[in-house]
Structures are given as C-alpha cells and as structure tokens.
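The file work33.cif contains mmCIF, C-alpha atoms:
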```cif
data_entry
loop_
_atom_site.group_PDB
_atom_site.id
_atom_site.type_symbol
_atom_site.label_atom_id
_atom_site.label_comp_id
_atom_site.auth_asym_id
_atom_site.auth_seq_id
_atom_site.Cartn_x
_atom_site.Cartn_y
_atom_site.Cartn_z
ATOM 1 C CA MET A 1 4.498 24.574 -18.600
ATOM 2 C CA SER A 2 1.093 23.731 -19.987
ATOM 3 C CA ALA A 3 -0.914 20.640 -19.093
ATOM 4 C CA ARG A 4 -0.378 19.441 -22.665
ATOM 5 C CA GLU A 5 3.418 19.816 -22.433
ATOM 6 C CA LEU A 6 3.491 18.014 -19.102
ATOM 7 C CA SER A 7 1.230 15.255 -20.367
ATOM 8 C CA LEU A 8 3.602 14.613 -23.266
ATOM 9 C CA LEU A 9 6.605 14.487 -20.946
ATOM 10 C CA ILE A 10 5.016 11.952 -18.606
ATOM 11 C CA GLU A 11 3.222 10.064 -21.373
ATOM 12 C CA LYS A 12 -0.311 10.713 -20.124
ATOM 13 C CA ASN A 13 -3.116 12.542 -21.876
ATOM 14 C CA ALA A 14 -3.836 16.197 -21.091
ATOM 15 C CA GLY A 15 -7.136 15.204 -19.463
ATOM 16 C CA TYR A 16 -5.202 13.269 -16.822
ATOM 17 C CA ILE A 17 -3.224 16.392 -15.874
ATOM 18 C CA ASN A 18 -6.361 18.546 -15.934
ATOM 19 C CA ARG A 19 -8.076 16.107 -13.584
ATOM 20 C CA ILE A 20 -5.180 16.332 -11.118
ATOM 21 C CA GLU A 21 -5.344 20.134 -11.271
ATOM 22 C CA ALA A 22 -9.122 20.458 -11.113
ATOM 23 C CA THR A 23 -10.105 18.006 -8.414
ATOM 24 C CA GLY A 24 -8.830 17.623 -4.913
ATOM 25 C CA ASP A 25 -9.813 13.977 -4.745
ATOM 26 C CA PHE A 26 -7.731 12.633 -7.637
ATOM 27 C CA LEU A 27 -4.113 11.865 -6.841
ATOM 28 C CA PRO A 28 -1.532 10.393 -9.187
ATOM 29 C CA SER A 29 0.310 7.209 -8.317
ATOM 30 C CA MET A 30 3.748 7.568 -6.770
ATOM 31 C CA ASP A 31 5.361 6.650 -10.106
ATOM 32 C CA ILE A 32 3.409 9.375 -11.922
ATOM 33 C CA PHE A 33 4.124 11.877 -9.135
ATOM 34 C CA ILE A 34 7.861 11.208 -9.479
ATOM 35 C CA SER A 35 7.572 11.569 -13.259
ATOM 36 C CA ILE A 36 5.854 14.932 -12.805
ATOM 37 C CA LEU A 37 8.581 16.110 -10.426
ATOM 38 C CA LYS A 38 11.280 15.074 -12.906
ATOM 39 C CA ALA A 39 9.470 16.761 -15.795
ATOM 40 C CA CYS A 40 9.267 19.963 -13.744
ATOM 41 C CA ASN A 41 12.903 19.654 -12.648
ATOM 42 C CA VAL A 42 11.884 19.710 -8.977
ATOM 43 C CA THR A 43 12.941 17.359 -6.185
ATOM 44 C CA ALA A 44 10.414 15.917 -3.747
ATOM 45 C CA GLU A 45 12.175 17.801 -0.957
ATOM 46 C CA GLU A 46 11.781 21.081 -2.842
ATOM 47 C CA PHE A 47 8.135 20.327 -3.690
ATOM 48 C CA PHE A 48 7.210 19.693 -0.048
ATOM 49 C CA TYR A 49 9.458 22.416 1.419
ATOM 50 C CA HIS A 50 7.543 24.922 3.556
ATOM 51 C CA ASP A 51 8.814 27.861 1.455
ATOM 52 C CA PRO A 52 9.489 26.607 -2.099
ATOM 53 C CA LYS A 53 10.373 30.050 -3.458
ATOM 54 C CA ASN A 54 13.312 30.317 -1.040
ATOM 55 C CA TYR A 55 14.332 26.649 -1.101
ATOM 56 C CA LYS A 56 17.587 27.088 -3.031
ATOM 57 C CA GLN A 57 18.710 30.082 -0.987
ATOM 58 C CA ASP A 58 17.830 28.322 2.280
ATOM 59 C CA MET A 59 19.771 25.217 1.230
ATOM 60 C CA GLU A 60 22.783 27.361 0.294
ATOM 61 C CA LEU A 61 22.669 28.976 3.721
ATOM 62 C CA LEU A 62 22.367 25.581 5.414
ATOM 63 C CA ASP A 63 25.318 24.195 3.440
ATOM 64 C CA THR A 64 27.419 27.189 4.466
ATOM 65 C CA PHE A 65 26.332 26.802 8.100
ATOM 66 C CA LYS A 66 27.332 23.126 8.090
ATOM 67 C CA LYS A 67 30.907 24.106 7.177
ATOM 68 C CA LEU A 68 31.329 26.271 10.266
ATOM 69 C CA THR A 69 33.010 25.092 13.420
ATOM 70 C CA SER A 70 30.876 24.557 16.496
ATOM 71 C CA GLU A 71 32.163 27.804 17.964
ATOM 72 C CA GLN A 72 31.398 29.747 14.772
ATOM 73 C CA ARG A 73 27.904 28.293 14.690
ATOM 74 C CA GLN A 74 27.267 29.355 18.269
ATOM 75 C CA HIS A 75 28.456 32.913 17.555
ATOM 76 C CA LEU A 76 26.188 33.085 14.533
ATOM 77 C CA ILE A 77 23.216 31.804 16.534
ATOM 78 C CA GLU A 78 23.851 34.437 19.194
ATOM 79 C CA LEU A 79 24.079 37.132 16.529
ATOM 80 C CA PHE A 80 20.728 36.125 15.041
ATOM 81 C CA LYS A 81 19.051 36.108 18.445
ATOM 82 C CA ASP A 82 19.602 39.874 18.622
ATOM 83 C CA ILE A 83 17.872 40.520 15.278
#
```

Can the structure from this file be put into structure tokens for me?
Amino acid sequence: MSARELSLLIEKNAGYINRIEATGDFLPSMDIFISILKACNVTAEEFFYHDPKNYKQDMELLDTFKKLTSEQRQHLIELFKDI
C-alpha cells in the first residue's frame, strides 16, 4: 500500500505518513496508530510479534497445542526436545 493510499484511509495527508516513515523521532498518536493497523488489516499483537511473517502459523500451532491434554502436551514437549 502506498503512503497516499494509507493517508486516504486514515484521513491524514500523505506528508504525515511520509514523516512517520522517514524520521525515527516522529510517532503517531495511539488513535492514529490504531487507525493505521486497521487500514493495514493487522492487529497490534501481530505488529509487535517477534516474527510477524510466521505469526499466523505460530498462532495456529498454539491453538492446536491448547486443545491437547496435559499428557499429550508433555509427550509433544519431550518429542521436540530431541530435535
């Protein structure tokens, strides 16, 4: 998405977006930050995740893990220790 497209979605001018991109000392307000996340279809959790490219796959794995019994979890943990 271009700076112009994003600026239209969050109702700011393109210069505002360019300033965020170009300088490390200019930060948007929390409201604008949330608007940017929504415009980009990204959650705050996904944005700050340590490995954004694998976020969805990691969350799918975590959801599957949560459904296991305690015993199944322990077996899986032991299996991964050997890898």

Taking all listed atoms of region 28-32 of chain A, build the axis-aligned box, pad each of the six sides by 6 Å, then write its centre and edge lengths in Å to one decimal as JSON.
```
{"center_x": 1.9, "center_y": 8.5, "center_z": -9.3, "size_x": 18.9, "size_y": 15.7, "size_z": 17.2}
```

Quiz item: Could you state the separation of CA of Leu37 (chain A) and CA of Asp63 (chain A) in Å, given to one decimal place?
Solution: 23.2 Å

Self-check item: Spatial neighbours of region 55-62 of chain A, 12 Å, only C-alpha atoms, chain gap at least 4 places, as a ChimeraX atom specification
Solution: /A:42-51,66-68,73

With C-alpha atoms kept, could you save the residues just selected as a JSON list (two decimals), in the coordinates of the input?
```
[["chain", "number", "residue", "atom", "x", "y", "z"],
["A", 42, "VAL", "CA", 11.88, 19.71, -8.98],
["A", 43, "THR", "CA", 12.94, 17.36, -6.18],
["A", 44, "ALA", "CA", 10.41, 15.92, -3.75],
["A", 45, "GLU", "CA", 12.18, 17.80, -0.96],
["A", 46, "GLU", "CA", 11.78, 21.08, -2.84],
["A", 47, "PHE", "CA", 8.14, 20.33, -3.69],
["A", 48, "PHE", "CA", 7.21, 19.69, -0.05],
["A", 49, "TYR", "CA", 9.46, 22.42, 1.42],
["A", 50, "HIS", "CA", 7.54, 24.92, 3.56],
["A", 51, "ASP", "CA", 8.81, 27.86, 1.46],
["A", 66, "LYS", "CA", 27.33, 23.13, 8.09],
["A", 67, "LYS", "CA", 30.91, 24.11, 7.18],
["A", 68, "LEU", "CA", 31.33, 26.27, 10.27],
["A", 73, "ARG", "CA", 27.90, 28.29, 14.69]]
```

Practice problem: Identify the residues around (3.6, 14.4, -15.7) within a radius of 8 Å, measuring from all atoms listed in the file in the coordinates stated by the file, and give them as a list of chain:residue names. | Solution: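 Using all atoms listed in the file, the matching residues come out as A:Leu6, A:Ser7, A:Leu8, A:Leu9, A:Ile10, A:Glu11, A:Lys12, A:Ile17, A:Ile32, A:Phe33, A:Ser35, A:Ile36, A:Leu37, A:Ala39.
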
Self-check item: Distance of CA of Pro52 (chain A) from CA of Ala14 (chain A), expressed in Å to one decimal place
Solution: 25.4 Å

Exercise. Select, counting all atoms listed in the file, all protein, DNA and RNA residues no farther than 9 Å from (-3.3, 24.0, -15.6) in file coordinates, and express the selection as a list in words.
Key: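 Here the neighbourhood of the point contains Met1, Ser2, Ala3, Arg4, Ile17, Asn18, Glu21 and Ala22 of chain A.
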
Quiz item: Between CA of Phe26 (chain A) and CA of Cys40 (chain A), what is the spacing in Å?
Solution: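 Answer for the CA of Cys40 (chain A) to CA of Phe26 (chain A) separation: 19.5 Å.
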
Emit a file covering region 2-16 of chain A of the preceding structure with all heavy atoms, as a PDB file, in the first residue's frame.
```pdb
ATOM      1  N   SER A   2       0.536   2.199  -0.788  1.00  0.00           N
ATOM      2  CA  SER A   2       1.326   3.425  -0.860  1.00  0.00           C
ATOM      3  C   SER A   2       0.987   4.351   0.307  1.00  0.00           C
ATOM      4  O   SER A   2      -0.051   4.199   0.958  1.00  0.00           O
ATOM      5  CB  SER A   2       1.052   4.148  -2.179  1.00  0.00           C
ATOM      6  OG  SER A   2      -0.255   4.697  -2.168  1.00  0.00           O
ATOM      7  N   ALA A   3       1.870   5.323   0.525  1.00  0.00           N
ATOM      8  CA  ALA A   3       1.629   6.315   1.577  1.00  0.00           C
ATOM      9  C   ALA A   3       0.348   7.086   1.265  1.00  0.00           C
ATOM     10  O   ALA A   3      -0.424   7.410   2.162  1.00  0.00           O
ATOM     11  CB  ALA A   3       2.816   7.259   1.685  1.00  0.00           C
ATOM     12  N   ARG A   4       0.115   7.352  -0.004  1.00  0.00           N
ATOM     13  CA  ARG A   4      -1.096   8.080  -0.409  1.00  0.00           C
ATOM     14  C   ARG A   4      -2.346   7.273  -0.080  1.00  0.00           C
ATOM     15  O   ARG A   4      -3.315   7.805   0.470  1.00  0.00           O
ATOM     16  CB  ARG A   4      -1.035   8.383  -1.915  1.00  0.00           C
ATOM     17  CG  ARG A   4      -2.299   8.940  -2.491  1.00  0.00           C
ATOM     18  CD  ARG A   4      -2.219  10.443  -2.578  1.00  0.00           C
ATOM     19  NE  ARG A   4      -3.374  10.951  -3.292  1.00  0.00           N
ATOM     20  CZ  ARG A   4      -4.336  11.650  -2.706  1.00  0.00           C
ATOM     21  NH1 ARG A   4      -4.273  11.938  -1.438  1.00  0.00           N
ATOM     22  NH2 ARG A   4      -5.352  12.086  -3.405  1.00  0.00           N
ATOM     23  N   GLU A   5      -2.341   5.977  -0.415  1.00  0.00           N
ATOM     24  CA  GLU A   5      -3.500   5.122  -0.121  1.00  0.00           C
ATOM     25  C   GLU A   5      -3.757   5.061   1.386  1.00  0.00           C
ATOM     26  O   GLU A   5      -4.896   5.176   1.823  1.00  0.00           O
ATOM     27  CB  GLU A   5      -3.276   3.707  -0.669  1.00  0.00           C
ATOM     28  CG  GLU A   5      -3.273   3.631  -2.176  1.00  0.00           C
ATOM     29  CD  GLU A   5      -2.794   2.289  -2.696  1.00  0.00           C
ATOM     30  OE1 GLU A   5      -1.863   1.707  -2.094  1.00  0.00           O
ATOM     31  OE2 GLU A   5      -3.361   1.833  -3.700  1.00  0.00           O
ATOM     32  N   LEU A   6      -2.695   4.888   2.147  1.00  0.00           N
ATOM     33  CA  LEU A   6      -2.843   4.825   3.598  1.00  0.00           C
ATOM     34  C   LEU A   6      -3.351   6.154   4.146  1.00  0.00           C
ATOM     35  O   LEU A   6      -4.238   6.175   4.998  1.00  0.00           O
ATOM     36  CB  LEU A   6      -1.519   4.450   4.265  1.00  0.00           C
ATOM     37  CG  LEU A   6      -1.530   4.338   5.789  1.00  0.00           C
ATOM     38  CD1 LEU A   6      -2.566   3.333   6.270  1.00  0.00           C
ATOM     39  CD2 LEU A   6      -0.144   3.979   6.305  1.00  0.00           C
ATOM     40  N   SER A   7      -2.811   7.236   3.633  1.00  0.00           N
ATOM     41  CA  SER A   7      -3.241   8.551   4.126  1.00  0.00           C
ATOM     42  C   SER A   7      -4.730   8.768   3.889  1.00  0.00           C
ATOM     43  O   SER A   7      -5.420   9.345   4.728  1.00  0.00           O
ATOM     44  CB  SER A   7      -2.419   9.666   3.472  1.00  0.00           C
ATOM     45  OG  SER A   7      -2.726   9.792   2.100  1.00  0.00           O
ATOM     46  N   LEU A   8      -5.233   8.307   2.760  1.00  0.00           N
ATOM     47  CA  LEU A   8      -6.666   8.437   2.482  1.00  0.00           C
ATOM     48  C   LEU A   8      -7.497   7.587   3.437  1.00  0.00           C
ATOM     49  O   LEU A   8      -8.553   8.010   3.902  1.00  0.00           O
ATOM     50  CB  LEU A   8      -6.964   8.057   1.034  1.00  0.00           C
ATOM     51  CG  LEU A   8      -6.405   9.008  -0.029  1.00  0.00           C
ATOM     52  CD1 LEU A   8      -6.595   8.410  -1.425  1.00  0.00           C
ATOM     53  CD2 LEU A   8      -7.046  10.377   0.072  1.00  0.00           C
ATOM     54  N   LEU A   9      -7.014   6.393   3.738  1.00  0.00           N
ATOM     55  CA  LEU A   9      -7.742   5.501   4.635  1.00  0.00           C
ATOM     56  C   LEU A   9      -7.815   6.029   6.067  1.00  0.00           C
ATOM     57  O   LEU A   9      -8.817   5.824   6.754  1.00  0.00           O
ATOM     58  CB  LEU A   9      -7.110   4.104   4.633  1.00  0.00           C
ATOM     59  CG  LEU A   9      -7.324   3.272   3.368  1.00  0.00           C
ATOM     60  CD1 LEU A   9      -6.471   2.008   3.418  1.00  0.00           C
ATOM     61  CD2 LEU A   9      -8.787   2.922   3.192  1.00  0.00           C
ATOM     62  N   ILE A  10      -6.758   6.699   6.505  1.00  0.00           N
ATOM     63  CA  ILE A  10      -6.754   7.192   7.890  1.00  0.00           C
ATOM     64  C   ILE A  10      -7.055   8.684   7.970  1.00  0.00           C
ATOM     65  O   ILE A  10      -6.968   9.283   9.045  1.00  0.00           O
ATOM     66  CB  ILE A  10      -5.433   6.867   8.610  1.00  0.00           C
ATOM     67  CG1 ILE A  10      -4.261   7.641   8.005  1.00  0.00           C
ATOM     68  CG2 ILE A  10      -5.172   5.376   8.626  1.00  0.00           C
ATOM     69  CD1 ILE A  10      -3.015   7.616   8.861  1.00  0.00           C
ATOM     70  N   GLU A  11      -7.380   9.257   6.836  1.00  0.00           N
ATOM     71  CA  GLU A  11      -7.775  10.670   6.750  1.00  0.00           C
ATOM     72  C   GLU A  11      -6.677  11.628   7.227  1.00  0.00           C
ATOM     73  O   GLU A  11      -6.924  12.563   7.976  1.00  0.00           O
ATOM     74  CB  GLU A  11      -9.083  10.904   7.498  1.00  0.00           C
ATOM     75  CG  GLU A  11     -10.216  10.077   6.923  1.00  0.00           C
ATOM     76  CD  GLU A  11     -11.530  10.228   7.676  1.00  0.00           C
ATOM     77  OE1 GLU A  11     -11.545  10.803   8.782  1.00  0.00           O
ATOM     78  OE2 GLU A  11     -12.539   9.766   7.141  1.00  0.00           O
ATOM     79  N   LYS A  12      -5.472  11.353   6.781  1.00  0.00           N
ATOM     80  CA  LYS A  12      -4.322  12.243   7.001  1.00  0.00           C
ATOM     81  C   LYS A  12      -3.691  12.503   5.645  1.00  0.00           C
ATOM     82  O   LYS A  12      -3.892  11.745   4.693  1.00  0.00           O
ATOM     83  CB  LYS A  12      -3.275  11.591   7.932  1.00  0.00           C
ATOM     84  CG  LYS A  12      -3.736  11.412   9.345  1.00  0.00           C
ATOM     85  CD  LYS A  12      -3.782  12.739  10.046  1.00  0.00           C
ATOM     86  CE  LYS A  12      -4.176  12.599  11.497  1.00  0.00           C
ATOM     87  NZ  LYS A  12      -4.351  13.888  12.148  1.00  0.00           N
ATOM     88  N   ASN A  13      -2.888  13.548   5.538  1.00  0.00           N
ATOM     89  CA  ASN A  13      -2.250  13.797   4.249  1.00  0.00           C
ATOM     90  C   ASN A  13      -1.040  12.885   4.072  1.00  0.00           C
ATOM     91  O   ASN A  13      -0.502  12.340   5.040  1.00  0.00           O
ATOM     92  CB  ASN A  13      -1.893  15.279   4.070  1.00  0.00           C
ATOM     93  CG  ASN A  13      -0.872  15.764   5.070  1.00  0.00           C
ATOM     94  OD1 ASN A  13       0.126  15.095   5.316  1.00  0.00           O
ATOM     95  ND2 ASN A  13      -1.112  16.923   5.652  1.00  0.00           N
ATOM     96  N   ALA A  14      -0.614  12.708   2.833  1.00  0.00           N
ATOM     97  CA  ALA A  14       0.494  11.800   2.523  1.00  0.00           C
ATOM     98  C   ALA A  14       1.776  12.239   3.215  1.00  0.00           C
ATOM     99  O   ALA A  14       2.608  11.407   3.590  1.00  0.00           O
ATOM    100  CB  ALA A  14       0.697  11.708   1.017  1.00  0.00           C
ATOM    101  N   GLY A  15       1.950  13.536   3.423  1.00  0.00           N
ATOM    102  CA  GLY A  15       3.135  14.042   4.111  1.00  0.00           C
ATOM    103  C   GLY A  15       3.233  13.514   5.533  1.00  0.00           C
ATOM    104  O   GLY A  15       4.331  13.278   6.049  1.00  0.00           O
ATOM    105  N   TYR A  16       2.102  13.339   6.177  1.00  0.00           N
ATOM    106  CA  TYR A  16       2.062  12.803   7.542  1.00  0.00           C
ATOM    107  C   TYR A  16       2.636  11.389   7.555  1.00  0.00           C
ATOM    108  O   TYR A  16       3.474  11.049   8.390  1.00  0.00           O
ATOM    109  CB  TYR A  16       0.624  12.816   8.062  1.00  0.00           C
ATOM    110  CG  TYR A  16       0.465  12.365   9.485  1.00  0.00           C
ATOM    111  CD1 TYR A  16       0.573  13.271  10.530  1.00  0.00           C
ATOM    112  CD2 TYR A  16       0.205  11.024   9.795  1.00  0.00           C
ATOM    113  CE1 TYR A  16       0.426  12.858  11.856  1.00  0.00           C
ATOM    114  CE2 TYR A  16       0.061  10.613  11.106  1.00  0.00           C
ATOM    115  CZ  TYR A  16       0.169  11.531  12.128  1.00  0.00           C
ATOM    116  OH  TYR A  16       0.020  11.117  13.419  1.00  0.00           O
TER     117      TYR A  16
END
```
